[in-house]
file model.cif (mmCIF, C-alpha atoms)
data_upload
#
loop_
_atom_site.label_atom_id
_atom_site.label_comp_id
_atom_site.auth_asym_id
_atom_site.auth_seq_id
_atom_site.Cartn_x
_atom_site.Cartn_y
_atom_site.Cartn_z
CA ARG A 1 -160.65 -191.70 30.76
CA ASP A 2 -160.30 -189.95 27.39
CA SER A 3 -156.85 -188.67 28.27
CA SER A 4 -155.67 -192.13 29.35
CA THR A 5 -157.04 -193.61 26.12
CA SER A 6 -155.26 -191.00 24.01
CA ARG A 7 -152.04 -191.63 25.96
CA GLY A 8 -152.41 -195.35 25.32
CA LEU A 9 -152.91 -194.76 21.60
CA GLY A 10 -149.91 -192.44 21.58
CA ASP A 11 -147.74 -195.12 23.17
CA VAL A 12 -148.92 -197.64 20.56
CA TYR A 13 -148.06 -195.26 17.72
CA LYS A 14 -144.65 -194.55 19.24
CA ARG A 15 -143.91 -198.26 19.50
CA GLN A 16 -145.01 -198.76 15.89
CA ILE A 17 -142.79 -195.90 14.71
CA THR A 18 -139.88 -197.30 16.74
CA ASP A 19 -140.40 -200.75 15.25
CA TYR A 20 -140.47 -199.29 11.72
CA ILE A 21 -137.23 -197.40 12.37
CA LYS A 22 -135.52 -200.46 13.86
CA PHE A 23 -136.66 -203.16 11.42
CA VAL A 24 -138.31 -201.74 8.29
CA PHE A 25 -136.16 -198.69 7.60
CA PRO A 26 -132.77 -200.52 7.42
CA MET A 27 -134.20 -203.09 5.01
CA LEU A 28 -135.79 -200.30 2.96
CA VAL A 29 -132.43 -198.55 2.69
CA LEU A 30 -130.74 -201.79 1.58
CA TYR A 31 -133.54 -202.45 -0.93
CA ILE A 32 -133.12 -198.98 -2.44
CA LEU A 33 -129.31 -199.21 -2.55
CA PHE A 34 -129.02 -202.71 -4.00
CA PHE A 35 -132.16 -203.00 -6.14
CA ILE A 36 -133.94 -199.73 -6.94
CA PHE A 37 -130.79 -197.67 -7.60
CA PRO A 38 -129.08 -200.33 -9.81
CA LEU A 39 -132.36 -200.85 -11.67
CA PHE A 40 -132.67 -197.19 -12.64
CA GLN A 41 -128.93 -197.03 -13.35
CA THR A 42 -129.30 -199.97 -15.75
CA ILE A 43 -132.26 -198.29 -17.45
CA GLY A 44 -130.15 -195.16 -17.86
CA TYR A 45 -127.21 -197.10 -19.35
CA SER A 46 -129.56 -198.80 -21.84
CA PHE A 47 -130.01 -195.45 -23.63
CA THR A 48 -126.26 -194.88 -24.05
CA ASP A 49 -123.24 -196.38 -25.80
CA TYR A 50 -121.48 -197.04 -22.46
CA ASN A 51 -118.78 -199.71 -22.80
CA GLY A 52 -118.15 -200.35 -19.10
CA ILE A 53 -114.60 -198.95 -19.22
CA ASN A 54 -114.68 -195.38 -20.48
CA PRO A 55 -116.68 -193.20 -18.06
CA ARG A 56 -117.76 -191.00 -20.95
CA LYS A 57 -120.98 -192.20 -22.54
CA GLU A 58 -123.13 -190.76 -25.30
CA PHE A 59 -126.91 -190.79 -25.33
CA THR A 60 -128.16 -192.99 -28.19
CA GLY A 61 -131.91 -193.05 -27.53
CA LEU A 62 -133.67 -196.28 -28.47
CA THR A 63 -130.81 -197.54 -30.66
CA ASN A 64 -129.90 -200.37 -28.29
CA TYR A 65 -133.49 -201.58 -28.10
CA VAL A 66 -133.84 -201.50 -31.88
CA ASP A 67 -130.59 -203.47 -32.20
CA VAL A 68 -131.84 -206.09 -29.71
CA PHE A 69 -134.80 -207.03 -31.88
CA GLN A 70 -132.53 -207.28 -34.93
CA ASP A 71 -129.95 -209.47 -33.17
CA LYS A 72 -130.09 -213.16 -34.15
CA TRP A 73 -128.06 -214.17 -31.10
CA PHE A 74 -130.66 -212.57 -28.85
CA TYR A 75 -133.33 -214.77 -30.43
CA ASN A 76 -130.99 -217.75 -30.20
CA SER A 77 -130.46 -217.20 -26.46
CA MET A 78 -134.19 -216.66 -25.88
CA LEU A 79 -134.98 -219.84 -27.80
CA PHE A 80 -132.52 -221.85 -25.72
CA THR A 81 -133.94 -220.29 -22.54
CA GLY A 82 -137.52 -221.03 -23.60
CA LYS A 83 -136.74 -224.66 -24.46
CA SER A 84 -134.92 -225.20 -21.16
CA VAL A 85 -137.83 -223.66 -19.24
CA ILE A 86 -140.38 -225.94 -20.94
CA LEU A 87 -138.26 -229.06 -20.38
CA MET A 88 -137.66 -228.16 -16.73
CA ILE A 89 -141.37 -227.52 -16.11
CA LEU A 90 -142.34 -230.89 -17.57
CA LEU A 91 -139.52 -233.09 -16.26
CA ALA A 92 -139.02 -231.52 -12.82
CA ASN A 93 -142.71 -231.65 -11.97
CA VAL A 94 -143.43 -235.12 -13.36
CA LEU A 95 -140.31 -236.76 -11.92
CA GLY A 96 -140.52 -234.81 -8.66
CA PHE A 97 -144.14 -235.90 -8.18
CA LEU A 98 -143.37 -239.55 -9.01
CA LEU A 99 -140.40 -239.60 -6.62
CA ALA A 100 -142.57 -238.05 -3.91
CA LEU A 101 -145.22 -240.71 -4.45
CA ALA A 102 -142.61 -243.48 -4.29
CA LEU A 103 -140.91 -242.14 -1.16
CA ASN A 104 -144.20 -241.34 0.58
CA THR A 105 -144.89 -245.05 0.99
CA LYS A 106 -143.78 -247.11 3.99
CA ILE A 107 -140.64 -248.57 2.49
CA LYS A 108 -137.43 -249.36 4.32
CA SER A 109 -134.75 -246.66 4.44
CA ARG A 110 -137.09 -244.09 2.87
CA ASN A 111 -135.50 -241.28 4.89
CA ILE A 112 -132.04 -242.26 3.61
CA LEU A 113 -133.36 -242.39 0.04
CA ARG A 114 -134.95 -238.95 0.45
CA ALA A 115 -131.64 -237.56 1.69
CA ILE A 116 -129.73 -239.11 -1.23
CA VAL A 117 -132.14 -237.62 -3.79
CA PHE A 118 -132.10 -234.20 -2.11
CA CYS A 119 -128.32 -234.11 -1.56
CA PRO A 120 -127.30 -232.68 -5.01
CA PHE A 121 -129.44 -229.59 -4.37
CA VAL A 122 -127.04 -228.63 -1.59
CA PHE A 123 -124.19 -228.20 -4.09
CA ASN A 124 -123.82 -224.82 -5.78
CA ASN A 125 -124.24 -224.46 -9.54
CA VAL A 126 -120.56 -223.92 -10.29
CA THR A 127 -119.53 -227.09 -8.46
CA VAL A 128 -122.23 -229.11 -10.23
CA GLY A 129 -121.14 -227.68 -13.58
CA PHE A 130 -117.49 -228.69 -13.13
CA ILE A 131 -118.44 -232.16 -11.84
CA TRP A 132 -120.60 -232.92 -14.87
CA GLN A 133 -118.16 -231.29 -17.28
CA PHE A 134 -115.66 -233.92 -16.15
CA LEU A 135 -118.21 -236.78 -16.17
CA LEU A 136 -119.73 -235.99 -19.58
CA GLY A 137 -116.40 -235.06 -21.11
CA ARG A 138 -113.12 -236.68 -20.10
CA PHE A 139 -114.57 -239.49 -17.94
CA MET A 140 -116.84 -240.82 -20.70
CA THR A 141 -114.07 -240.45 -23.26
CA ASP A 142 -111.84 -242.64 -21.10
CA LEU A 143 -114.59 -245.23 -20.64
CA TYR A 144 -115.26 -245.71 -24.36
CA PRO A 145 -112.00 -247.60 -25.19
CA LEU A 146 -112.57 -249.85 -22.16
CA THR A 147 -116.22 -250.74 -22.85
CA GLY A 148 -116.79 -250.01 -26.54
CA TRP A 149 -120.25 -248.67 -25.66
CA LYS A 150 -121.34 -246.00 -28.13
CA VAL A 151 -123.08 -244.03 -25.39
CA PHE A 152 -119.62 -243.09 -24.07
CA ASN A 153 -118.53 -241.82 -27.50
CA ILE A 154 -121.30 -239.24 -27.84
CA GLY A 155 -120.36 -235.57 -27.54
CA TRP A 156 -122.93 -234.67 -24.90
CA LEU A 157 -121.39 -231.22 -24.43
CA SER A 158 -119.83 -230.71 -27.86
CA ASP A 159 -122.81 -231.64 -30.06
CA SER A 160 -125.03 -228.61 -30.64
CA SER A 161 -128.10 -230.83 -31.07
CA LEU A 162 -127.57 -232.56 -27.70
CA VAL A 163 -126.13 -229.85 -25.45
CA LEU A 164 -129.58 -228.48 -24.51
CA TYR A 165 -130.64 -231.87 -23.15
CA SER A 166 -127.31 -232.31 -21.36
CA VAL A 167 -127.66 -228.95 -19.59
CA VAL A 168 -131.28 -229.66 -18.61
CA PHE A 169 -130.31 -233.14 -17.40
CA VAL A 170 -127.58 -231.72 -15.16
CA LYS A 171 -129.93 -229.06 -13.75
CA LEU A 172 -132.59 -231.69 -13.24
CA TRP A 173 -130.12 -233.96 -11.43
CA GLN A 174 -129.26 -231.09 -9.11
CA SER A 175 -132.79 -229.81 -8.36
CA ILE A 176 -135.08 -232.86 -8.61
CA GLY A 177 -134.76 -233.47 -4.86
CA TYR A 178 -136.01 -229.94 -4.18
CA PHE A 179 -139.20 -230.57 -6.15
CA MET A 180 -139.57 -233.99 -4.56
CA VAL A 181 -139.51 -232.43 -1.07
CA ILE A 182 -142.17 -229.87 -2.00
CA TYR A 183 -144.44 -232.52 -3.52
CA LEU A 184 -143.77 -234.78 -0.55
CA ALA A 185 -144.88 -232.02 1.83
CA GLY A 186 -148.00 -231.50 -0.31
CA LEU A 187 -148.84 -235.21 -0.21
CA GLN A 188 -148.46 -235.35 3.56
CA LEU A 189 -150.75 -232.33 4.02
CA LEU A 190 -153.58 -233.71 1.89
CA PRO A 191 -156.95 -233.97 3.68
CA GLN A 192 -157.62 -237.57 4.63
CA ASP A 193 -161.42 -237.53 4.28
CA PRO A 194 -161.51 -237.57 0.44
CA LEU A 195 -158.80 -240.25 0.34
CA GLU A 196 -160.63 -242.49 2.82
CA ALA A 197 -163.94 -241.99 1.00
CA ALA A 198 -162.28 -242.91 -2.31
CA VAL A 199 -160.87 -246.12 -0.79
CA LEU A 200 -164.33 -247.08 0.49
CA ASP A 201 -165.72 -246.52 -3.02
CA GLY A 202 -163.08 -248.84 -4.46
CA CYS A 203 -160.88 -246.10 -6.00
CA THR A 204 -157.30 -247.25 -5.49
CA GLY A 205 -153.95 -247.31 -7.29
CA ILE A 206 -153.65 -245.23 -10.45
CA LYS A 207 -157.31 -244.17 -10.30
CA MET A 208 -156.74 -242.75 -6.81
CA ILE A 209 -153.73 -240.77 -8.07
CA ARG A 210 -155.52 -239.53 -11.21
CA TYR A 211 -158.90 -238.56 -9.82
CA ILE A 212 -158.16 -237.71 -6.18
CA THR A 213 -154.48 -237.02 -5.48
CA ILE A 214 -153.57 -234.93 -8.53
CA PRO A 215 -156.60 -232.55 -8.27
CA LEU A 216 -155.87 -232.02 -4.57
CA MET A 217 -152.19 -231.31 -5.39
CA LYS A 218 -153.05 -228.45 -7.75
CA PRO A 219 -151.81 -225.63 -5.41
CA THR A 220 -148.51 -227.46 -4.87
CA ALA A 221 -148.15 -228.01 -8.62
CA PHE A 222 -148.61 -224.26 -9.25
CA VAL A 223 -145.78 -223.49 -6.83
CA CYS A 224 -143.49 -226.08 -8.41
CA ILE A 225 -144.23 -224.88 -11.96
CA PHE A 226 -143.08 -221.35 -11.18
CA LEU A 227 -140.14 -222.64 -9.17
CA ALA A 228 -139.13 -224.63 -12.25
CA ILE A 229 -139.26 -221.42 -14.30
CA THR A 230 -137.08 -219.68 -11.71
CA GLU A 231 -134.58 -222.53 -11.61
CA SER A 232 -134.36 -222.52 -15.42
CA LEU A 233 -133.69 -218.78 -15.56
CA ASN A 234 -131.02 -219.08 -12.84
CA MET A 235 -128.81 -221.48 -14.78
CA PHE A 236 -126.16 -218.86 -15.60
CA PRO A 237 -123.45 -220.19 -13.20
CA LEU A 238 -124.19 -223.79 -14.19
CA ILE A 239 -123.98 -223.14 -17.95
CA MET A 240 -120.89 -220.97 -17.58
CA SER A 241 -118.98 -223.70 -15.73
CA LEU A 242 -120.44 -226.59 -17.76
CA THR A 243 -120.28 -225.38 -21.38
CA ASN A 244 -119.58 -221.62 -21.28
CA GLY A 245 -122.35 -221.28 -23.86
CA GLY A 246 -120.74 -223.64 -26.36
CA PRO A 247 -120.34 -225.19 -28.76
CA GLY A 248 -120.54 -221.81 -30.44
CA HIS A 249 -123.70 -220.20 -29.05
CA ALA A 250 -125.64 -223.48 -28.83
CA SER A 251 -126.06 -223.45 -25.02
CA GLU A 252 -126.02 -219.71 -24.42
CA ASN A 253 -129.08 -218.66 -22.42
CA ILE A 254 -130.22 -215.07 -22.07
CA SER A 255 -128.35 -214.45 -18.79
CA LEU A 256 -125.05 -215.69 -20.20
CA TYR A 257 -125.61 -213.67 -23.38
CA ILE A 258 -126.10 -210.51 -21.31
CA TYR A 259 -122.90 -211.28 -19.38
CA ASN A 260 -120.91 -211.87 -22.58
CA GLU A 261 -122.15 -208.65 -24.17
CA ALA A 262 -121.37 -206.63 -21.04
CA PHE A 263 -117.98 -208.00 -19.97
CA LYS A 264 -116.53 -209.72 -23.04
CA SER A 265 -117.78 -207.51 -25.89
CA HIS A 266 -117.71 -204.41 -23.64
CA ARG A 267 -121.18 -203.30 -24.77
CA MET A 268 -122.55 -202.35 -21.35
CA GLY A 269 -125.24 -200.11 -22.81
CA TYR A 270 -126.50 -202.87 -25.11
CA ALA A 271 -126.34 -205.44 -22.28
CA SER A 272 -128.34 -203.05 -20.11
CA ALA A 273 -131.06 -202.93 -22.76
CA LEU A 274 -131.10 -206.75 -22.79
CA ALA A 275 -131.35 -206.76 -18.98
CA VAL A 276 -134.28 -204.33 -19.06
CA ILE A 277 -136.13 -206.53 -21.54
CA LEU A 278 -135.45 -209.60 -19.39
CA THR A 279 -136.72 -207.73 -16.32
CA ILE A 280 -139.96 -206.88 -18.14
CA ILE A 281 -140.42 -210.54 -19.12
CA MET A 282 -139.79 -211.68 -15.54
CA THR A 283 -142.22 -209.07 -14.20
CA ILE A 284 -144.93 -210.39 -16.54
CA ILE A 285 -144.23 -213.96 -15.40
CA ALA A 286 -144.35 -212.91 -11.73
CA GLY A 287 -147.62 -211.05 -12.31
CA LEU A 288 -149.09 -214.09 -14.03
CA GLN A 289 -147.99 -216.27 -11.12
CA MET A 290 -149.66 -213.97 -8.60
CA LYS A 291 -152.86 -213.83 -10.64
CA LEU A 292 -153.10 -217.59 -11.07
CA THR A 293 -152.26 -218.21 -7.41
CA ARG A 294 -154.91 -215.71 -6.32
CA GLU A 295 -157.54 -217.24 -8.58
CA ASP A 296 -156.67 -220.71 -7.36
CA ALA A 297 -156.89 -219.60 -3.72
CA GLY A 298 -160.23 -217.91 -4.39
#
call {"tool": "encode", "arguments": {"input": "model.cif", "output": "structure tokens"}}
result
Amino acid sequence: RDSSTSRGLGDVYKRQITDYIKFVFPMLVLYILFFIFPLFQTIGYSFTDYNGINPRKEFTGLTNYVDVFQDKWFYNSMLFTGKSVILMILLANVLGFLLALALNTKIKSRNILRAIVFCPFVFNNVTVGFIWQFLLGRFMTDLYPLTGWKVFNIGWLSDSSLVLYSVVFVKLWQSIGYFMVIYLAGLQLLPQDPLEAAVLDGCTGIKMIRYITIPLMKPTAFVCIFLAITESLNMFPLIMSLTNGGPGHASENISLYIYNEAFKSHRMGYASALAVILTIIMTIIAGLQMKLTREDAG
């Protein structure tokens, strides 16, 4: 009996090892090749004066990191990134929740309306950027002589005081359906007992939303908040096709600034230092997300 048990355990271990070799090991190799190795390579470049062209590079120590914190354009790009993140968190979650509430009711053609709202999320960032570059630029310029409306004579992409809001608006237009779907799923998964009890107690309308629905939607809101942060930090293709960081550096976020330093200014070592700093910031945000999610689940 002992020998048969040990043979059975041996077969289980063999199957586990086989499964690891078949499924886990290939993904581990890809993860090392396309994430771990480039990460350490980038860290290594950040301590050199590598320009991305000449293979010869000289070790410069912490010079690049010191230069980063003395660079006004770094602070400019971080400020633009921070503002866009805050605006996306507020607008995407509020509007996404309101749209979900509206399209969770039994109205005619609600499925068609949901599809229409979600449709822009299917388009890639570059396509969206070129579409809105045309709409906010040449199309509005052509409409102004025909209508005389001042709204068509505003430089939405050429005015440094407005370009932030234009970029966020375009990103919001693209991704609002995504947040709506997540909130819609959260609304449909709410437990019915508290809602029915609230109705019996006379809690309806706005009071129902404020005191019952919103507290129950807290886990979904946490997910959407951090998704909004991710969407804001992934606006590099959109900004590059929409404004290319202009006018001047007014719409240059941190990702676009890193790209410009690496491939336009040929300061690959300096761009690597910027990328390392951005990675540290993103790691802190991810750790905060995991901590808050764990506390909320507990």
call {"tool": "atom_distance", "arguments": {"input": "model.cif", "atom1": "CA of Ala100 (chain A)", "atom2": "CA of Phe226 (chain A)"}}
result
18.2 Å
call {"tool": "resolve_selection", "arguments": {"input": "model.cif", "expression": "the PyMOL selection byres ((chain A and resi 229-234) around 10)", "output": "JSON, numbers by chain"}}
result
{"A": [81, 82, 83, 84, 85, 86, 87, 88, 89, 125, 168, 171, 172, 175, 224, 225, 226, 227, 228, 235, 236, 237, 238, 239, 253, 254, 255, 282, 285, 286]}
call {"tool": "residues_around", "arguments": {"input": "model.cif", "residues": "Thr213 (chain A)", "least_positions_apart": "6", "cutoff": "10 Å", "atoms": "all atoms listed in the file", "output": "number ranges by chain"}}
result
A: 186-187, 190-191, 194-195, 206-207
call {"tool": "resolve_selection", "arguments": {"input": "model.cif", "expression": "the PyMOL selection byres ((chain A and resi 51) around 7)", "output": "number ranges by chain"}}
result
A: 49-50, 52-54, 266-269
call {"tool": "resolve_selection", "arguments": {"input": "model.cif", "expression": "the PyMOL selection byres ((chain A and resi 118) around 8)", "output": "list in words"}}
result
Arg114, Ala115, Ile116, Val117, Cys119, Pro120, Phe121, Val122, Ser175, Ile176, Gly177, Tyr178, Met180 and Val181 of chain A
call {"tool": "atom_distance", "arguments": {"input": "model.cif", "atom1": "CA of Leu95 (chain A)", "atom2": "CA of Tyr183 (chain A)"}}
result
10.3 Å
call {"tool": "atom_distance", "arguments": {"input": "model.cif", "atom1": "CA of Gly129 (chain A)", "atom2": "CA of Leu99 (chain A)"}}
result
23.7 Å
call {"tool": "residues_near_point", "arguments": {"input": "model.cif", "point": "(-126.4, -227.3, -22.8)", "cutoff": "12 Å", "atoms": "all atoms listed in the file", "output": "ChimeraX atom specification"}}
result
/A:77,80-81,83-84,129,132-133,136,155-171,232,235-236,238-253,256
call {"tool": "closest_residue", "arguments": {"input": "model.cif", "among": "A:Tyr259, A:Phe134, A:Leu28, A:Ser272", "to": "Thr48 (chain A)", "atoms": "only C-alpha atoms"}}
result
A:Ser272
call {"tool": "closest_residue", "arguments": {"input": "model.cif", "among": "A:Phe97, A:Ile212, A:Ile21, A:Ser265", "to": "Ala185 (chain A)", "atoms": "all atoms listed in the file"}}
result
A:Phe97
call {"tool": "residues_around", "arguments": {"input": "model.cif", "residues": "region 62-70 of chain A", "least_positions_apart": "3", "cutoff": "12 Å", "atoms": "all atoms listed in the file", "output": "compact mmCIF listing (two decimals) with C-alpha atoms, in the coordinates of the input"}}
result
# COMPACT_ATOMS: atom_id res chain seq x y z
CA ILE A 43 -132.26 -198.29 -17.45
CA GLY A 44 -130.15 -195.16 -17.86
CA TYR A 45 -127.21 -197.10 -19.35
CA SER A 46 -129.56 -198.80 -21.84
CA PHE A 47 -130.01 -195.45 -23.63
CA THR A 48 -126.26 -194.88 -24.05
CA ASP A 49 -123.24 -196.38 -25.80
CA TYR A 50 -121.48 -197.04 -22.46
CA GLU A 58 -123.13 -190.76 -25.30
CA PHE A 59 -126.91 -190.79 -25.33
CA TRP A 73 -128.06 -214.17 -31.10
CA PHE A 74 -130.66 -212.57 -28.85
CA TYR A 75 -133.33 -214.77 -30.43
CA ASN A 76 -130.99 -217.75 -30.20
CA SER A 77 -130.46 -217.20 -26.46
CA MET A 78 -134.19 -216.66 -25.88
CA ILE A 254 -130.22 -215.07 -22.07
CA TYR A 257 -125.61 -213.67 -23.38
CA ILE A 258 -126.10 -210.51 -21.31
CA GLU A 261 -122.15 -208.65 -24.17
CA ARG A 267 -121.18 -203.30 -24.77
CA MET A 268 -122.55 -202.35 -21.35
CA GLY A 269 -125.24 -200.11 -22.81
CA TYR A 270 -126.50 -202.87 -25.11
CA ALA A 271 -126.34 -205.44 -22.28
CA SER A 272 -128.34 -203.05 -20.11
CA ALA A 273 -131.06 -202.93 -22.76
CA LEU A 274 -131.10 -206.75 -22.79
CA ALA A 275 -131.35 -206.76 -18.98
CA VAL A 276 -134.28 -204.33 -19.06
CA ILE A 277 -136.13 -206.53 -21.54
CA LEU A 278 -135.45 -209.60 -19.39
call {"tool": "closest_residue", "arguments": {"input": "model.cif", "among": "A:Val24, A:Leu189, A:Leu103, A:Ala198", "to": "Pro219 (chain A)", "atoms": "only C-alpha atoms"}}
result
A:Leu189
call {"tool": "build_atoms", "arguments": {"input": "model.cif", "residues": "region 59-68 of chain A", "atoms": "all heavy atoms", "output": "compact mmCIF listing (two decimals), in the coordinates of the input"}}
result
# COMPACT_ATOMS: atom_id res chain seq x y z
N PHE A 59 -125.51 -190.40 -25.26
CA PHE A 59 -126.91 -190.79 -25.33
C PHE A 59 -127.25 -191.24 -26.75
O PHE A 59 -126.97 -190.54 -27.73
CB PHE A 59 -127.80 -189.60 -24.93
CG PHE A 59 -129.27 -189.90 -24.97
CD1 PHE A 59 -129.88 -190.65 -23.97
CD2 PHE A 59 -130.05 -189.45 -26.03
CE1 PHE A 59 -131.24 -190.92 -24.01
CE2 PHE A 59 -131.40 -189.73 -26.08
CZ PHE A 59 -132.00 -190.47 -25.06
N THR A 60 -127.84 -192.43 -26.87
CA THR A 60 -128.16 -192.99 -28.19
C THR A 60 -129.66 -193.25 -28.38
O THR A 60 -130.06 -193.84 -29.38
CB THR A 60 -127.41 -194.31 -28.41
OG1 THR A 60 -127.75 -195.23 -27.37
CG2 THR A 60 -125.91 -194.09 -28.42
N GLY A 61 -130.46 -192.86 -27.41
CA GLY A 61 -131.91 -193.05 -27.53
C GLY A 61 -132.30 -194.52 -27.50
O GLY A 61 -131.79 -195.31 -26.70
N LEU A 62 -133.15 -194.91 -28.43
CA LEU A 62 -133.67 -196.28 -28.47
C LEU A 62 -132.83 -197.21 -29.37
O LEU A 62 -133.28 -198.30 -29.70
CB LEU A 62 -135.12 -196.27 -28.96
CG LEU A 62 -136.14 -195.57 -28.06
CD1 LEU A 62 -137.50 -195.52 -28.74
CD2 LEU A 62 -136.26 -196.28 -26.70
N THR A 63 -131.64 -196.75 -29.74
CA THR A 63 -130.81 -197.54 -30.66
C THR A 63 -130.54 -198.95 -30.14
O THR A 63 -130.65 -199.93 -30.88
CB THR A 63 -129.48 -196.82 -30.92
OG1 THR A 63 -129.74 -195.51 -31.45
CG2 THR A 63 -128.64 -197.61 -31.91
N ASN A 64 -130.19 -199.06 -28.86
CA ASN A 64 -129.90 -200.37 -28.29
C ASN A 64 -131.11 -201.30 -28.35
O ASN A 64 -130.97 -202.50 -28.64
CB ASN A 64 -129.42 -200.23 -26.84
CG ASN A 64 -128.03 -199.63 -26.75
OD1 ASN A 64 -127.18 -199.88 -27.60
ND2 ASN A 64 -127.79 -198.85 -25.71
N TYR A 65 -132.28 -200.75 -28.08
CA TYR A 65 -133.49 -201.58 -28.10
C TYR A 65 -133.84 -202.02 -29.52
O TYR A 65 -134.30 -203.15 -29.73
CB TYR A 65 -134.66 -200.81 -27.47
CG TYR A 65 -134.51 -200.62 -25.98
CD1 TYR A 65 -133.92 -199.46 -25.47
CD2 TYR A 65 -134.91 -201.61 -25.09
CE1 TYR A 65 -133.77 -199.29 -24.10
CE2 TYR A 65 -134.77 -201.43 -23.72
CZ TYR A 65 -134.19 -200.28 -23.23
OH TYR A 65 -134.03 -200.13 -21.88
N VAL A 66 -133.61 -201.14 -30.47
CA VAL A 66 -133.84 -201.50 -31.88
C VAL A 66 -132.87 -202.60 -32.29
O VAL A 66 -133.25 -203.58 -32.96
CB VAL A 66 -133.68 -200.26 -32.79
CG1 VAL A 66 -133.75 -200.68 -34.26
CG2 VAL A 66 -134.77 -199.25 -32.47
N ASP A 67 -131.60 -202.46 -31.86
CA ASP A 67 -130.59 -203.47 -32.20
C ASP A 67 -130.92 -204.84 -31.58
O ASP A 67 -130.62 -205.88 -32.18
CB ASP A 67 -129.21 -203.01 -31.73
CG ASP A 67 -128.70 -201.83 -32.52
OD1 ASP A 67 -129.24 -201.57 -33.62
OD2 ASP A 67 -127.77 -201.15 -32.04
N VAL A 68 -131.50 -204.82 -30.38
CA VAL A 68 -131.84 -206.09 -29.71
C VAL A 68 -132.77 -206.93 -30.58
O VAL A 68 -132.55 -208.13 -30.77
CB VAL A 68 -132.48 -205.83 -28.33
CG1 VAL A 68 -133.13 -207.10 -27.79
CG2 VAL A 68 -131.44 -205.32 -27.34
